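Chemist: A single structure is presented below for examination.
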Amino acid sequence: MKTTATYTSFVAVGDSFTEGMSDLLPDGTYRGWADLLAARLAARSPDFRYANLAVRGKLIGQIVDEQVAPAAAMRADVVTLVGGLNDTLRPSCDMGRVRALLEEAVERLAPSCGRLVLMRSPGRRGPVMERFRPRMEALFSHIDELAARHGAVVVDLYGAEVLGDPRLWDVDRLHLTAEGHRRVAEAVWQALGLAPEEEWRAPLPPALRPPWLERRVGDLRFAREHLGPWIGRRLTGRSSGDGRPAKRPDLLPYEAPAS
């Protein structure tokens, strides 16, 4: 349903997906779908304010402990919550605990904002993710239930075939490219009832399959530079976000980054 509503504030809660990895800007910072969405919302409202509390690597318990209360206190028109996927990718995962924490987050955020947006996160096609797919889908089913119970909006990125296309994923195979983030921003924009500017589910042009040797070299590079360190952090309980502050901790007027 289309709306003429003007959203004057937006708070983003979550992990690396919401922080914006791997949509890299020239200055070395990350942009991502939330920043892109904020820019578009700001263009419709001169008094628009934006906060992004997301930090890469955060588990749902950390999101609840560190981000939910500040986000609720901001009383924003729009709050997005994306979390729990990092938990499902751990070697062991208590899905009952993940569901309970996600429910706690929704129960605290939904009454505090004008519109709560949840997401079924995108999943890259490939053998590595297949091991974790049952957990992911259990998480998404719970998200659907919470949204129905609390009047939240769900953006189904997981169900969009194009977002499984490896060409929309960075070399680490965990984070979307700039084009992927752009499509997610459009998906959330439409979920807020705003007039579509494009079809974000549109497939990419047919791809030419790279030669066997090129694919194997890419697999080895991925294993050495990304998969190995990622497994090491999972096994030792470390996180890429340890010690990192929130991206935009305060609800302040939006200013576009210097290009």
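Within each chain, counting starts at residue 1; across the structure tokens, chains are named A, B, ... in the order shown, with ligands numbered 1 upward in that order.
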Which residues are close to A:Arg120, i.e. within 7 Å by only C-alpha atoms, leaving aside same-chain residues fewer than 2 positions away? Reply as a list of chain:residue names.

Modeler: A:Pro122, A:Phe140, A:Val155, A:Asp156, A:Leu157, A:Tyr158

Chemist: Which residues are close to A:Ile60, i.e. within 8 Å by only C-alpha atoms, leaving aside same-chain residues fewer than 5 positions away? Reply as an NGL selection string.

Modeler: :A and (83-84 or 86-87 or 98 or 101-102)

Chemist: Show me, as a PyMOL selection string, the residues that have an atom within 12 Å of A:Ala160 when counting only C-alpha atoms, minus same-chain residues fewer than 5 positions from it.

Modeler: chain A and resi 119-125+155+165+180+183-184+187+199-203

Chemist: DSSP on the backbone: what in stretch 18-204 of chain A comes out alpha helix (DSSP H), as a PyMOL selection string?

Modeler: chain A and resi 18-19+33-42+60-63+69-73+85-88+95-109+127-130+133-150+178-191

Chemist: Can you pull out the residues contacting stretch 189-196 of chain A? Cut-off 12 Å, using only C-alpha atoms, and skip same-chain residues under 4 positions away; I want them as JSON, numbers by chain.

Modeler: {"A": [1, 2, 3, 4, 5, 6, 7, 10, 33, 34, 36, 37, 38, 39, 40, 41, 44, 77, 78, 79, 80, 114, 115, 116, 117, 118, 119, 152, 153, 154, 155, 156, 157, 182, 183, 184, 185, 200, 201]}

Chemist: Kindly indicate which residue among A:Asp172, A:Glu255, A:Glu104, A:Glu197 lies nearest to A:Phe48, using only C-alpha atoms for the distances.

Modeler: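 Looking only at the distances to A:Phe48, the closest residue turns out to be A:Glu255.
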